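Engineer: My structure file upload-v9.pdb, PDB, C-alpha atoms, is below:
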```pdb
ATOM      1  CA  MET F   1     109.705 110.168 148.535
ATOM      2  CA  ILE F   2     109.164 107.456 145.946
ATOM      3  CA  ALA F   3     105.897 107.039 144.092
ATOM      4  CA  LEU F   4     105.302 103.299 144.026
ATOM      5  CA  THR F   5     102.318 102.632 141.862
ATOM      6  CA  THR F   6      99.052 104.055 140.681
ATOM      7  CA  LEU F   7      96.418 102.533 142.911
ATOM      8  CA  TYR F   8      93.247 104.142 141.709
ATOM      9  CA  GLU F   9      92.602 106.972 139.292
ATOM     10  CA  ASN F  10      94.702 109.957 140.417
ATOM     11  CA  SER F  11      95.815 108.094 143.523
ATOM     12  CA  THR F  12      99.390 107.129 144.234
ATOM     13  CA  LEU F  13     101.131 105.132 146.948
ATOM     14  CA  ILE F  14     104.045 107.049 148.408
ATOM     15  CA  VAL F  15     106.871 105.642 150.527
ATOM     16  CA  ASP F  16     108.507 108.334 152.659
ATOM     17  CA  THR F  17     112.093 108.346 153.954
ATOM     18  CA  ASN F  18     111.023 106.344 157.026
ATOM     19  CA  TYR F  19     109.509 103.697 154.750
ATOM     20  CA  GLN F  20     106.005 104.677 155.862
ATOM     21  CA  VAL F  21     103.474 104.074 153.104
ATOM     22  CA  LYS F  22     101.034 106.888 152.529
ATOM     23  CA  THR F  23      98.335 107.363 149.942
ATOM     24  CA  PHE F  24      98.412 110.606 148.063
ATOM     25  CA  ASN F  25      94.901 110.957 146.815
ATOM     26  CA  GLY F  26      94.631 113.631 144.206
ATOM     27  CA  ALA F  27      91.093 112.544 143.392
ATOM     28  CA  GLU F  28      89.980 113.203 146.974
ATOM     29  CA  GLU F  29      91.431 116.709 146.915
ATOM     30  CA  ASN F  30      89.567 117.423 143.704
ATOM     31  CA  LEU F  31      86.377 116.052 145.210
ATOM     32  CA  VAL F  32      86.685 118.325 148.247
ATOM     33  CA  GLN F  33      87.135 121.290 145.914
ATOM     34  CA  LEU F  34      83.996 120.328 143.979
ATOM     35  CA  ILE F  35      81.943 120.091 147.166
ATOM     36  CA  LYS F  36      83.292 123.391 148.425
ATOM     37  CA  ALA F  37      82.102 124.881 145.127
ATOM     38  CA  LYS F  38      78.662 123.318 145.829
ATOM     39  CA  ASN F  39      78.924 121.409 142.580
ATOM     40  CA  GLU F  40      76.268 118.774 141.807
ATOM     41  CA  ARG F  41      78.840 116.527 140.152
ATOM     42  CA  GLY F  42      80.752 116.672 143.404
ATOM     43  CA  PHE F  43      77.651 115.466 145.220
ATOM     44  CA  ASN F  44      77.156 112.596 142.778
ATOM     45  CA  ILE F  45      80.744 111.423 143.124
ATOM     46  CA  LEU F  46      80.621 111.760 146.903
ATOM     47  CA  TYR F  47      77.313 109.913 147.107
ATOM     48  CA  ASP F  48      78.370 107.049 144.824
ATOM     49  CA  LYS F  49      81.662 106.584 146.592
ATOM     50  CA  TYR F  50      80.582 106.811 150.208
ATOM     51  CA  CYS F  51      76.813 106.376 150.528
ATOM     52  CA  GLY F  52      77.057 102.634 151.125
ATOM     53  CA  ALA F  53      79.641 102.868 153.869
ATOM     54  CA  LEU F  54      77.844 105.746 155.593
ATOM     55  CA  TYR F  55      74.518 103.935 155.351
ATOM     56  CA  GLY F  56      76.240 100.859 156.738
ATOM     57  CA  ILE F  57      77.479 102.626 159.868
ATOM     58  CA  LEU F  58      74.079 104.293 160.392
ATOM     59  CA  THR F  59      72.133 101.029 160.198
ATOM     60  CA  LYS F  60      74.741  99.376 162.398
ATOM     61  CA  ILE F  61      73.997 101.931 165.134
ATOM     62  CA  VAL F  62      70.277 102.687 164.782
ATOM     63  CA  LYS F  63      69.229  99.265 163.428
ATOM     64  CA  ARG F  64      66.302 100.579 161.389
ATOM     65  CA  SER F  65      66.350 101.428 157.703
ATOM     66  CA  GLU F  66      63.799 104.262 157.755
ATOM     67  CA  ILE F  67      65.746 106.041 160.516
ATOM     68  CA  ALA F  68      69.010 105.371 158.650
ATOM     69  CA  ASP F  69      67.454 106.959 155.533
ATOM     70  CA  ASP F  70      66.757 110.169 157.461
ATOM     71  CA  LEU F  71      70.148 110.154 159.124
ATOM     72  CA  LEU F  72      71.921 109.583 155.785
ATOM     73  CA  GLN F  73      70.210 112.704 154.503
ATOM     74  CA  ASP F  74      71.274 114.629 157.625
ATOM     75  CA  THR F  75      74.821 113.315 157.234
ATOM     76  CA  PHE F  76      75.176 114.565 153.663
ATOM     77  CA  VAL F  77      73.614 117.916 154.574
ATOM     78  CA  LYS F  78      76.099 118.276 157.430
ATOM     79  CA  ILE F  79      79.004 117.292 155.175
ATOM     80  CA  TRP F  80      77.854 119.844 152.627
ATOM     81  CA  LYS F  81      77.493 122.603 155.233
ATOM     82  CA  ASN F  82      80.761 121.897 157.042
ATOM     83  CA  ILE F  83      83.090 120.948 154.201
ATOM     84  CA  ASP F  84      85.134 124.123 154.824
ATOM     85  CA  LYS F  85      85.977 122.757 158.282
ATOM     86  CA  TYR F  86      87.433 119.554 156.839
ATOM     87  CA  ASP F  87      91.193 119.469 157.359
ATOM     88  CA  ALA F  88      92.975 116.895 155.194
ATOM     89  CA  SER F  89      96.040 116.999 157.445
ATOM     90  CA  LYS F  90      93.980 115.548 160.326
ATOM     91  CA  GLY F  91      92.598 112.556 158.462
ATOM     92  CA  THR F  92      90.928 111.277 155.336
ATOM     93  CA  LEU F  93      87.654 112.628 154.025
ATOM     94  CA  PHE F  94      86.076 109.235 154.636
ATOM     95  CA  THR F  95      87.072 109.165 158.312
ATOM     96  CA  TRP F  96      85.752 112.697 158.768
ATOM     97  CA  MET F  97      82.419 111.766 157.153
ATOM     98  CA  LEU F  98      82.228 108.533 159.120
ATOM     99  CA  ASN F  99      82.513 110.510 162.347
ATOM    100  CA  ILE F 100      79.726 112.843 161.238
ATOM    101  CA  ALA F 101      77.447 109.873 160.504
ATOM    102  CA  ARG F 102      78.380 108.089 163.735
ATOM    103  CA  ASN F 103      77.765 111.210 165.858
ATOM    104  CA  LEU F 104      74.387 111.854 164.218
ATOM    105  CA  ALA F 105      73.331 108.254 164.871
ATOM    106  CA  ILE F 106      74.436 108.448 168.509
ATOM    107  CA  ASP F 107      72.649 111.793 168.922
ATOM    108  CA  TYR F 108      69.515 110.154 167.558
ATOM    109  CA  LEU F 109      69.725 107.311 170.091
ATOM    110  CA  ARG F 110      70.094 109.870 172.878
ATOM    111  CA  SER F 111      67.177 111.950 171.603
ATOM    112  CA  THR F 112      63.780 112.261 173.227
ATOM    113  CA  CYS F 113      62.223 111.195 169.948
ATOM    114  CA  TYR F 114      63.954 107.815 170.140
ATOM    115  CA  ARG F 115      63.038 107.355 173.810
ATOM    116  CA  HIS F 116      59.388 108.036 172.999
ATOM    117  CA  GLU F 117      59.558 105.447 170.245
ATOM    118  CA  LEU F 118      61.021 102.892 172.623
ATOM    119  CA  GLN F 119      58.087 103.379 174.991
ATOM    120  CA  ASN F 120      55.756 102.376 172.179
ATOM    121  CA  ILE F 121      57.585  99.169 171.357
ATOM    122  CA  ASN F 122      56.567  96.118 173.330
ATOM    123  CA  ILE F 123      58.989  94.525 175.759
ATOM    124  CA  ASP F 124      59.379  91.247 173.844
ATOM    125  CA  PHE F 125      60.611  93.082 170.778
ATOM    126  CA  ILE F 126      63.181  95.006 172.786
ATOM    127  CA  SER F 127      64.557  91.885 174.467
ATOM    128  CA  THR F 128      64.886  90.123 171.096
ATOM    129  CA  GLN F 129      66.683  93.125 169.664
ATOM    130  CA  LYS F 130      69.034  93.271 172.628
ATOM    131  CA  ASP F 131      70.161  89.674 172.064
ATOM    132  CA  TYR F 132      70.743  90.432 168.424
ATOM    133  CA  ASN F 133      72.531  93.742 168.819
ATOM    134  CA  ASP F 134      75.897  92.345 169.823
ATOM    135  CA  SER F 135      76.201  90.029 166.891
ATOM    136  CA  ILE F 136      74.443  91.570 163.928
ATOM    137  CA  SER F 137      74.753  94.945 162.260
ATOM    138  CA  VAL F 138      71.498  95.347 160.411
ATOM    139  CA  ASP F 139      67.927  94.733 161.495
ATOM    140  CA  TYR F 140      67.052  92.515 158.575
ATOM    141  CA  ASN F 141      63.336  92.729 159.413
ATOM    142  CA  GLU F 142      63.450  96.224 157.951
ATOM    143  CA  PHE F 143      64.323  94.965 154.474
ATOM    144  CA  GLU F 144      62.409  92.711 152.148
ATOM    145  CA  PHE F 145      64.708  90.070 150.710
ATOM    146  CA  ASN F 146      64.407  87.410 148.074
ATOM    147  CA  ASP F 147      63.896  83.792 149.234
ATOM    148  CA  PHE F 148      67.531  82.889 148.683
ATOM    149  CA  LYS F 149      68.768  85.650 150.965
ATOM    150  CA  THR F 150      66.126  84.944 153.597
ATOM    151  CA  ASN F 151      67.221  81.308 153.649
ATOM    152  CA  ALA F 152      70.914  82.235 153.594
ATOM    153  CA  LEU F 153      70.527  84.513 156.607
ATOM    154  CA  LYS F 154      69.282  81.534 158.610
ATOM    155  CA  HIS F 155      72.539  79.684 157.924
ATOM    156  CA  LEU F 156      75.155  82.403 157.562
ATOM    157  CA  ASN F 157      77.217  83.394 160.578
ATOM    158  CA  PRO F 158      76.003  86.963 161.311
ATOM    159  CA  LYS F 159      79.608  88.178 161.326
ATOM    160  CA  CYS F 160      80.097  86.853 157.786
ATOM    161  CA  ALA F 161      76.719  88.183 156.631
ATOM    162  CA  GLU F 162      77.676  91.578 158.014
ATOM    163  CA  VAL F 163      80.865  91.703 155.955
ATOM    164  CA  ILE F 164      79.221  90.469 152.734
ATOM    165  CA  ASP F 165      76.404  92.976 153.165
ATOM    166  CA  MET F 166      78.839  95.824 153.784
ATOM    167  CA  ILE F 167      80.594  95.053 150.506
ATOM    168  CA  PHE F 168      77.800  93.845 148.240
ATOM    169  CA  PHE F 169      74.639  95.343 149.731
ATOM    170  CA  PHE F 170      75.929  98.706 150.933
ATOM    171  CA  GLY F 171      78.617  98.917 148.255
ATOM    172  CA  CYS F 172      81.585  99.570 150.577
ATOM    173  CA  THR F 173      85.125  98.993 149.451
ATOM    174  CA  HIS F 174      86.993  96.387 151.513
ATOM    175  CA  GLU F 175      88.909  99.146 153.245
ATOM    176  CA  GLN F 176      85.702 101.061 154.047
ATOM    177  CA  ALA F 177      84.117  97.889 155.446
ATOM    178  CA  ALA F 178      87.182  97.362 157.649
ATOM    179  CA  GLN F 179      86.939 100.904 158.937
ATOM    180  CA  VAL F 180      83.166 100.803 159.540
ATOM    181  CA  LEU F 181      83.284  97.439 161.295
ATOM    182  CA  LYS F 182      86.555  98.297 163.060
ATOM    183  CA  LEU F 183      88.152  95.073 161.889
ATOM    184  CA  PRO F 184      91.517  94.320 160.267
ATOM    185  CA  LEU F 185      91.379  93.930 156.497
ATOM    186  CA  GLY F 186      92.482  90.295 156.888
ATOM    187  CA  THR F 187      89.436  89.523 159.041
ATOM    188  CA  ILE F 188      87.161  91.173 156.477
ATOM    189  CA  LYS F 189      88.604  88.913 153.770
ATOM    190  CA  THR F 190      88.392  85.763 155.884
ATOM    191  CA  ARG F 191      84.758  86.369 156.840
ATOM    192  CA  ALA F 192      83.800  87.186 153.250
ATOM    193  CA  ARG F 193      85.409  83.934 152.038
ATOM    194  CA  VAL F 194      83.650  81.856 154.710
ATOM    195  CA  GLY F 195      80.348  83.530 153.823
ATOM    196  CA  LEU F 196      80.810  82.904 150.119
ATOM    197  CA  THR F 197      81.607  79.227 150.780
ATOM    198  CA  LEU F 198      78.253  78.839 152.530
ATOM    199  CA  LEU F 199      76.390  80.744 149.795
ATOM    200  CA  ARG F 200      77.954  78.468 147.179
ATOM    201  CA  GLY F 201      76.745  75.414 149.096
ATOM    202  CA  LEU F 202      73.236  76.799 149.382
ATOM    203  CA  TYR F 203      73.174  77.745 145.704
ATOM    204  CA  LYS F 204      74.259  74.272 144.625
ATOM    205  CA  SER F 205      71.797  72.516 146.924
ATOM    206  CA  GLY F 206      68.949  74.797 145.835
TER     207      GLY F 206
ATOM    208  CA  MET P   1      87.203  70.420 140.535
ATOM    209  CA  ASN P   2      89.728  68.681 138.306
ATOM    210  CA  LYS P   3      93.042  68.622 140.175
ATOM    211  CA  SER P   4      95.024  68.776 136.951
ATOM    212  CA  VAL P   5      94.050  72.421 136.619
ATOM    213  CA  LYS P   6      96.423  74.480 138.706
ATOM    214  CA  ILE P   7      93.952  76.821 140.278
ATOM    215  CA  ASP P   8      92.588  76.735 143.792
ATOM    216  CA  ILE P   9      88.910  77.352 144.480
ATOM    217  CA  GLU P  10      89.997  79.940 147.058
ATOM    218  CA  ILE P  11      91.475  81.992 144.215
ATOM    219  CA  LEU P  12      88.100  81.873 142.456
ATOM    220  CA  LYS P  13      86.376  83.043 145.643
ATOM    221  CA  ASP P  14      88.853  85.898 145.928
ATOM    222  CA  TYR P  15      88.147  86.776 142.299
ATOM    223  CA  CYS P  16      84.421  87.052 143.025
ATOM    224  CA  LEU P  17      85.039  89.024 146.208
ATOM    225  CA  GLY P  18      87.332  91.479 144.415
ATOM    226  CA  PHE P  19      90.408  90.577 146.469
ATOM    227  CA  LEU P  20      92.737  89.891 143.542
ATOM    228  CA  SER P  21      95.059  92.258 141.745
ATOM    229  CA  GLU P  22      94.359  93.150 138.135
ATOM    230  CA  LYS P  23      97.109  90.782 137.006
ATOM    231  CA  GLN P  24      95.741  87.917 139.110
ATOM    232  CA  GLU P  25      92.237  88.580 137.764
ATOM    233  CA  LYS P  26      93.509  88.343 134.195
ATOM    234  CA  ASN P  27      95.201  85.022 134.994
ATOM    235  CA  VAL P  28      91.932  83.644 136.352
ATOM    236  CA  GLU P  29      90.115  84.795 133.212
ATOM    237  CA  ILE P  30      92.698  83.123 130.961
ATOM    238  CA  ILE P  31      92.420  79.849 132.893
ATOM    239  CA  CYS P  32      88.626  80.029 132.675
ATOM    240  CA  LYS P  33      88.819  80.333 128.896
ATOM    241  CA  GLU P  34      91.024  77.256 128.720
ATOM    242  CA  HIS P  35      89.228  75.090 131.282
ATOM    243  CA  THR P  36      85.454  74.923 131.224
ATOM    244  CA  GLU P  37      85.298  73.208 134.624
ATOM    245  CA  VAL P  38      87.015  76.242 136.200
ATOM    246  CA  ALA P  39      84.660  78.585 134.327
ATOM    247  CA  LYS P  40      81.707  76.568 135.610
ATOM    248  CA  GLU P  41      82.913  76.815 139.202
ATOM    249  CA  LEU P  42      83.392  80.557 138.830
ATOM    250  CA  TYR P  43      79.883  80.836 137.411
ATOM    251  CA  ILE P  44      78.463  79.010 140.453
ATOM    252  CA  LEU P  45      80.283  81.293 142.889
ATOM    253  CA  ARG P  46      79.213  84.461 141.092
ATOM    254  CA  SER P  47      75.639  83.264 140.754
ATOM    255  CA  ALA P  48      75.455  82.472 144.472
ATOM    256  CA  LEU P  49      76.688  85.942 145.323
ATOM    257  CA  GLU P  50      74.389  87.652 142.831
ATOM    258  CA  LYS P  51      71.397  85.658 144.020
ATOM    259  CA  TYR P  52      72.169  86.683 147.575
ATOM    260  CA  THR P  53      72.539  90.387 146.857
ATOM    261  CA  GLY P  54      69.772  90.568 144.256
ATOM    262  CA  ASN P  55      68.704  94.056 143.222
ATOM    263  CA  GLU P  56      68.541  95.420 146.712
ATOM    264  CA  LYS P  57      71.752  97.399 146.761
ATOM    265  CA  ILE P  58      71.430 100.644 148.655
ATOM    266  CA  LEU P  59      73.002 102.467 145.726
ATOM    267  CA  HIS P  60      70.039 101.422 143.587
ATOM    268  CA  ARG P  61      67.603 103.314 145.800
ATOM    269  CA  THR P  62      67.219 106.390 143.615
ATOM    270  CA  LYS P  63      64.479 107.920 145.767
ATOM    271  CA  LEU P  64      66.865 108.124 148.702
ATOM    272  CA  ARG P  65      69.504 109.763 146.539
ATOM    273  CA  LYS P  66      67.010 112.335 145.223
ATOM    274  CA  ASN P  67      65.823 113.141 148.739
ATOM    275  CA  VAL P  68      69.375 113.699 149.923
ATOM    276  CA  TRP P  69      70.126 116.020 147.015
ATOM    277  CA  LYS P  70      66.870 117.943 147.569
ATOM    278  CA  ALA P  71      67.732 118.436 151.249
ATOM    279  CA  ILE P  72      71.200 119.692 150.314
ATOM    280  CA  GLN P  73      69.796 122.124 147.765
ATOM    281  CA  LYS P  74      67.266 123.427 150.285
ATOM    282  CA  ILE P  75      69.967 124.112 152.878
ATOM    283  CA  TRP P  76      72.219 125.669 150.270
ATOM    284  CA  LYS P  77      69.506 128.022 149.008
ATOM    285  CA  ASN P  78      68.720 129.053 152.590
ATOM    286  CA  THR P  79      72.326 129.973 153.215
ATOM    287  CA  LEU P  80      72.693 132.086 150.088
TER     288      LEU P  80
END
```
Once more with this new file: its structure as structure tokens, please.

Structural biologist:
Amino acid sequence: MIALTTLYENSTLIVDTNYQVKTFNGAEENLVQLIKAKNERGFNILYDKYCGALYGILTKIVKRSEIADDLLQDTFVKIWKNIDKYDASKGTLFTWMLNIARNLAIDYLRSTCYRHELQNINIDFISTQKDYNDSISVDYNEFEFNDFKTNALKHLNPKCAEVIDMIFFFGCTHEQAAQVLKLPLGTIKTRARVGLTLLRGLYKSG
Amino acid sequence: MNKSVKIDIEILKDYCLGFLSEKQEKNVEIICKEHTEVAKELYILRSALEKYTGNEKILHRTKLRKNVWKAIQKIWKNTL
């Protein structure tokens, strides 16, 4: 195997004999060890690195920020409790955590609690949400935004807004955003560029 | 933008979006120092992005972070 280049701190790109590129991530192994040792620094690193992406997938599924807050807490608790079950040979830590978050969000939607809540929401609201669900990831009514963002959301293609929010609002890396939104990295970049073009126009006209 | 400067606005967008390599970023920064019109365009792009994101980043929500850590500690203590 040939180590190509240092990508991030303690992370190296490896090309194996079949020319398959793999990432050897020493930093991730260290992080897993810290969490296994129930180390607070481990929590802080884990939270800073992945909270945005996990929060992104939760809001994408449950659509509401206060529910996503609770589920984010449950996700980290579950990660903390089950870290010994994580097997690096089966996938990255991020993918494993993403599945935990996704399953918790789906469980919530299947729960009696959620069904009771739905009964208390009027029909008009539900039909509006249904139209929105296919095209937008976050229920923006749950957040209070500045005037510029409120105006921008009226003009931005929801698919572009989704990508920009994943990166700049939730703090995902481009790769995390691609994984959460299940899109190729190229599409993530294209949508971000289109979104930024519109934001530039709005900024200049404002 | 002045066409005599050999830099595309798309490169500036990629700079703001974090899509460039470290070497490419340094090149953009050098060109910005030499050409104020490029620096001005970069400033507009960055300002638009910053105005859009504001201070609302999820990572800035310290209460959420504290709650998560408290929940973890509670579970951990219960399992000891």

Engineer: Report the centre and edge lengths, in Å to one decimal, of an axis-aligned box enclosing every atom of segment 39-48 of chain P listed in the file, padded by 6 Å on each side, as AutoDock Vina command-line options.

Structural biologist:
```
--center_x 80.1 --center_y 80.5 --center_z 139.4 --size_x 21.2 --size_y 19.9 --size_z 22.1
```

Engineer: Just the residues within 12 Å of Lys51 of chain P, please, counting all atoms listed in the file, with nothing from its chain fewer than 6 positions along; format it as a PDB file with C-alpha atoms, keeping the file's coordinate frame.

Structural biologist:
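Full text of selection.pdb as output:
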```pdb
ATOM      1  CA  PHE F 145      64.708  90.070 150.710  1.00  0.00           C
ATOM      2  CA  ASN F 146      64.407  87.410 148.074  1.00  0.00           C
ATOM      3  CA  ASP F 147      63.896  83.792 149.234  1.00  0.00           C
ATOM      4  CA  PHE F 148      67.531  82.889 148.683  1.00  0.00           C
ATOM      5  CA  LYS F 149      68.768  85.650 150.965  1.00  0.00           C
ATOM      6  CA  THR F 150      66.126  84.944 153.597  1.00  0.00           C
ATOM      7  CA  ASN F 151      67.221  81.308 153.649  1.00  0.00           C
ATOM      8  CA  ALA F 152      70.914  82.235 153.594  1.00  0.00           C
ATOM      9  CA  PHE F 168      77.800  93.845 148.240  1.00  0.00           C
ATOM     10  CA  PHE F 169      74.639  95.343 149.731  1.00  0.00           C
ATOM     11  CA  LEU F 196      80.810  82.904 150.119  1.00  0.00           C
ATOM     12  CA  LEU F 199      76.390  80.744 149.795  1.00  0.00           C
ATOM     13  CA  ARG F 200      77.954  78.468 147.179  1.00  0.00           C
ATOM     14  CA  LEU F 202      73.236  76.799 149.382  1.00  0.00           C
ATOM     15  CA  TYR F 203      73.174  77.745 145.704  1.00  0.00           C
ATOM     16  CA  LYS F 204      74.259  74.272 144.625  1.00  0.00           C
ATOM     17  CA  GLY F 206      68.949  74.797 145.835  1.00  0.00           C
TER      18      GLY F 206
ATOM     19  CA  TYR P  43      79.883  80.836 137.411  1.00  0.00           C
ATOM     20  CA  ILE P  44      78.463  79.010 140.453  1.00  0.00           C
ATOM     21  CA  LEU P  45      80.283  81.293 142.889  1.00  0.00           C
TER      22      LEU P  45
END
```

Engineer: Here is a test: counting all atoms listed in the file, which residue of P:Lys63, P:Ala48, P:Lys77, P:Cys32 is nearest to chain F?

Structural biologist: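 Closest candidate: P:Ala48.
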
Engineer: One decimal, in Å: what's the spacing between atom CA of Phe19 of chain P and atom CA of Ala53 of chain F?

Structural biologist: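 So the answer is 17.9 Å.
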
Engineer: Restricting the calculation to only C-alpha atoms: of F:Arg110, F:Arg115, F:Lys36, F:Lys81, which residue gets closest to chain P?

Structural biologist: F:Lys81

Engineer: Check every residue of chain P for an atom within 8 Å of chain F, counting all atoms listed in the file, and provide those that qualify as a short mmCIF file (atom, residue, chain, number, x, y, z; two decimals) with C-alpha atoms, keeping the file's coordinate frame.

Structural biologist:
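This is the output file result_6.cif:
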```cif
data_model
loop_
_atom_site.label_atom_id
_atom_site.label_comp_id
_atom_site.auth_asym_id
_atom_site.auth_seq_id
_atom_site.Cartn_x
_atom_site.Cartn_y
_atom_site.Cartn_z
CA GLU P 10 90.00 79.94 147.06
CA LYS P 13 86.38 83.04 145.64
CA ASP P 14 88.85 85.90 145.93
CA LEU P 17 85.04 89.02 146.21
CA PHE P 19 90.41 90.58 146.47
CA ILE P 44 78.46 79.01 140.45
CA LEU P 45 80.28 81.29 142.89
CA SER P 47 75.64 83.26 140.75
CA ALA P 48 75.46 82.47 144.47
CA LEU P 49 76.69 85.94 145.32
CA LYS P 51 71.40 85.66 144.02
CA TYR P 52 72.17 86.68 147.57
CA THR P 53 72.54 90.39 146.86
CA GLY P 54 69.77 90.57 144.26
CA GLU P 56 68.54 95.42 146.71
CA LYS P 57 71.75 97.40 146.76
CA ILE P 58 71.43 100.64 148.66
CA LEU P 59 73.00 102.47 145.73
CA LEU P 64 66.86 108.12 148.70
CA ARG P 65 69.50 109.76 146.54
CA ASN P 67 65.82 113.14 148.74
CA VAL P 68 69.38 113.70 149.92
CA TRP P 69 70.13 116.02 147.01
CA ALA P 71 67.73 118.44 151.25
CA ILE P 72 71.20 119.69 150.31
CA ILE P 75 69.97 124.11 152.88
CA TRP P 76 72.22 125.67 150.27
#
```

Engineer: What is the distance between atom CA of Ile11 of chain P and atom CA of Gly186 of chain F, in Å to one decimal?

Structural biologist: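 Pair atom CA of Ile11 of chain P / atom CA of Gly186 of chain F returns 15.2 Å.
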
Engineer: Can you measure atom CA of Asn39 of chain F to atom CA of Ala68 of chain F for me? One decimal in Å is fine.

Structural biologist: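 Computed distance, atom CA of Asn39 of chain F to atom CA of Ala68 of chain F, equals 24.8 Å.
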
Engineer: Kindly resolve the PyMOL selection byres ((chain P and resi 39) around 12) on the present coordinates and return the residues as number ranges by chain.

Structural biologist: P: 1-2, 5, 7, 9, 12, 15, 28-38, 40-46

Engineer: For Ala178 of chain F, work out the shell of residues within 9 Å, counting only C-alpha atoms and skipping chain neighbours fewer than 5 positions away, then give it as a VMD selection string.

Structural biologist: chain F and resid 163 173 183 to 188

Engineer: When you count all atoms listed in the file, which of these residues is closest to Leu98 of chain F: F:Ile67, F:Ile35, F:Ile83, F:Ile57?

Structural biologist: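 So, comparing all the options, the nearest one is F:Ile57.
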